[in-house]
Amino acid sequence: MSEFKQTFNSSLGKKLIMALTGLFLSLFLIVHLGGNLLLFSDDNGYSFNMYANFLTHFPPIEVIAYLLYLSILVHALYALILTINNRKARPVDYANANKSATSWSSKNMGLLGSILFLFIVIHMGDFWYKYKYTHSVGYKEYRTNLSTGERTVQNFTPEKPDFEHSQTYNGDVEIIKVKDLHAKVAESFSLPWYVAIYVIAMVALSFHLLHGFQSAFRTFGWVHRKYLPIIQFLGTWLFAVIIPLGFALMPIVYYIQSLK
């Protein structure tokens with residue numbers, strides 16, 4: 001046990017933890033983007049609200065969510081420790097600096113990570129916390145005729161303050177009452193300062209993943225020349241371009257729509 005503890009207290013051990021939590025968070029981004037793309041569904045928020053309700057009421061997902069929160073904290077903590085140790089070990093920067101985007105990312109991971117951590121705090125406070133623990137999020141009632149597929153929607157005010165959601169039937173009509181996170185998202189994305197923060201954070205995410213994803217594989221020693229091009233392709237195009245761009249488009253599109 002002492003050898004195990006000593007290993008993970010070493011610089012290499014900290015990097016392994018950083019790599020492991022980083023890859024877990026990278027996988028989460030793919031799932032999170034897929035769910036958030038439901039915001040573009042033209043169904044009065046039905047798909048997205050059902051998705052949000054599922055995430056917060058399905059026990060296995062809630063367990064994974066708390067594992068996610070722990071990973072964010074551990075990743076941020078070890079990043080801070082490694083950054084401080086690296087600066088102590090090399091207080092003076094190299095004279096010849098590489099100008100490439102990947103090199104710039106690697107030298108500014110602390111700054112990029114700080115921007116992302118601040119964004120996560122704001123983002124979770126505005127959506128996750130208000131959705132789960134306050135009454136500031138409204139409700140929607142969706143009535144779906146199961147025979148014809150026609151759906152109507154209206155605002156709903158619960159009688160009990162602790163109401164979460166319900167699913168009942170009236171003949172062929174399915175009646176679902178659920179928290180309206182979609183409206184909260186639309187409200188937040190109508191604010192120019194919030195959209196600006198979101199987009200800046202996605203730019204930081206892009207540069208963070210440009211270095212971080214490939215760095216995680218190097219930490220584990222998975223750098224075989226046969227697979228390295230695949231890792232570089234995924235790190236650059238999927239994680240540093242497609243995923244941040246997908247997230248950034250959401251507030252931009254909603255803000256443009258709010259101006260109409």
# chains A, B, ... in the order shown; residues from 1 in each chain; ligands from 1

$ residues_around --residues "stretch 210-215 of chain A" --least-positions-apart "5" --cutoff "10 Å" --atoms "only C-alpha atoms" --output "number ranges by chain"
A: 15, 18-19, 22-23, 26, 101-109, 204-205, 220-223, 228, 231-241

$ residues_around --residues "stretch 127-131 of chain A" --least-positions-apart "6" --cutoff "9 Å" --atoms "only C-alpha atoms" --output "list in words"
Val137, Lys179, Asp180, Leu181, Lys184 and Val185 of chain A

$ write_last_selection --atoms "C-alpha atoms" --output "PDB file, in the first residue's frame"
ATOM      1  CA  VAL A 137     -37.111  26.813 -13.200  1.00  0.00           C
ATOM      2  CA  LYS A 179     -39.298  20.963 -15.355  1.00  0.00           C
ATOM      3  CA  ASP A 180     -38.676  23.344 -18.235  1.00  0.00           C
ATOM      4  CA  LEU A 181     -34.888  23.575 -18.397  1.00  0.00           C
ATOM      5  CA  LYS A 184     -33.965  28.485 -18.723  1.00  0.00           C
ATOM      6  CA  VAL A 185     -31.352  27.736 -21.396  1.00  0.00           C
TER       7      VAL A 185
END

$ atom_distance --atom1 "atom CA of A:Tyr66" --atom2 "atom CA of A:Asn36"
19.0 Å

$ closest_residue --among "A:Ile252, A:Tyr69, A:Ala216, A:Leu29" --to "A:Met124" --atoms "only C-alpha atoms"
A:Tyr69

$ residues_around --residues "A:Tyr78" --least-positions-apart "2" --cutoff "10 Å" --atoms "only C-alpha atoms" --output "list of chain:residue names"
A:Ser11, A:Lys14, A:Lys15, A:Ile17, A:Met18, A:Leu73, A:Val74, A:His75, A:Ala76, A:Leu80, A:Ile81, A:Leu82, A:Thr83, A:Ile84

$ select_by_dssp --residues "stretch 53-168 of chain A" --states "helix (DSSP H, G or I)" --output "count of residues only"
68

$ atom_distance --atom1 "atom CA of A:Gly113" --atom2 "atom CA of A:Ala186"
26.6 Å

$ atom_distance --atom1 "atom CA of A:Val63" --atom2 "atom CA of A:Phe24"
14.3 Å

$ closest_residue --among "A:Leu33, A:Glu187, A:Phe28, A:Asn49" --to "A:Ala65" --atoms "only C-alpha atoms"
A:Phe28

$ closest_residue --among "A:Lys88, A:His135, A:His224, A:Lys260" --to "A:Pro161" --atoms "only C-alpha atoms"
A:His135

$ closest_residue --among "A:Leu118, A:Leu16, A:Val178, A:Leu68" --to "A:Tyr51" --atoms "only C-alpha atoms"
A:Val178

$ select_by_dssp --residues "stretch 34-257 of chain A" --states "strand (DSSP E)" --output "list in words"
Tyr139, Lys140, Glu141, Tyr142, Arg143, Thr144, Asn145, Arg151, Thr152, Val153, Gln154, Asn155, Phe156, Ser166, Gln167, Thr168, Tyr169, Asn170, Val173, Glu174, Ile175, Ile176, Lys177, Val178 and Lys179 of chain A

$ closest_residue --among "A:Pro244, A:Leu111, A:Tyr139, A:Arg218" --to "A:Ser206" --atoms "only C-alpha atoms"
A:Pro244
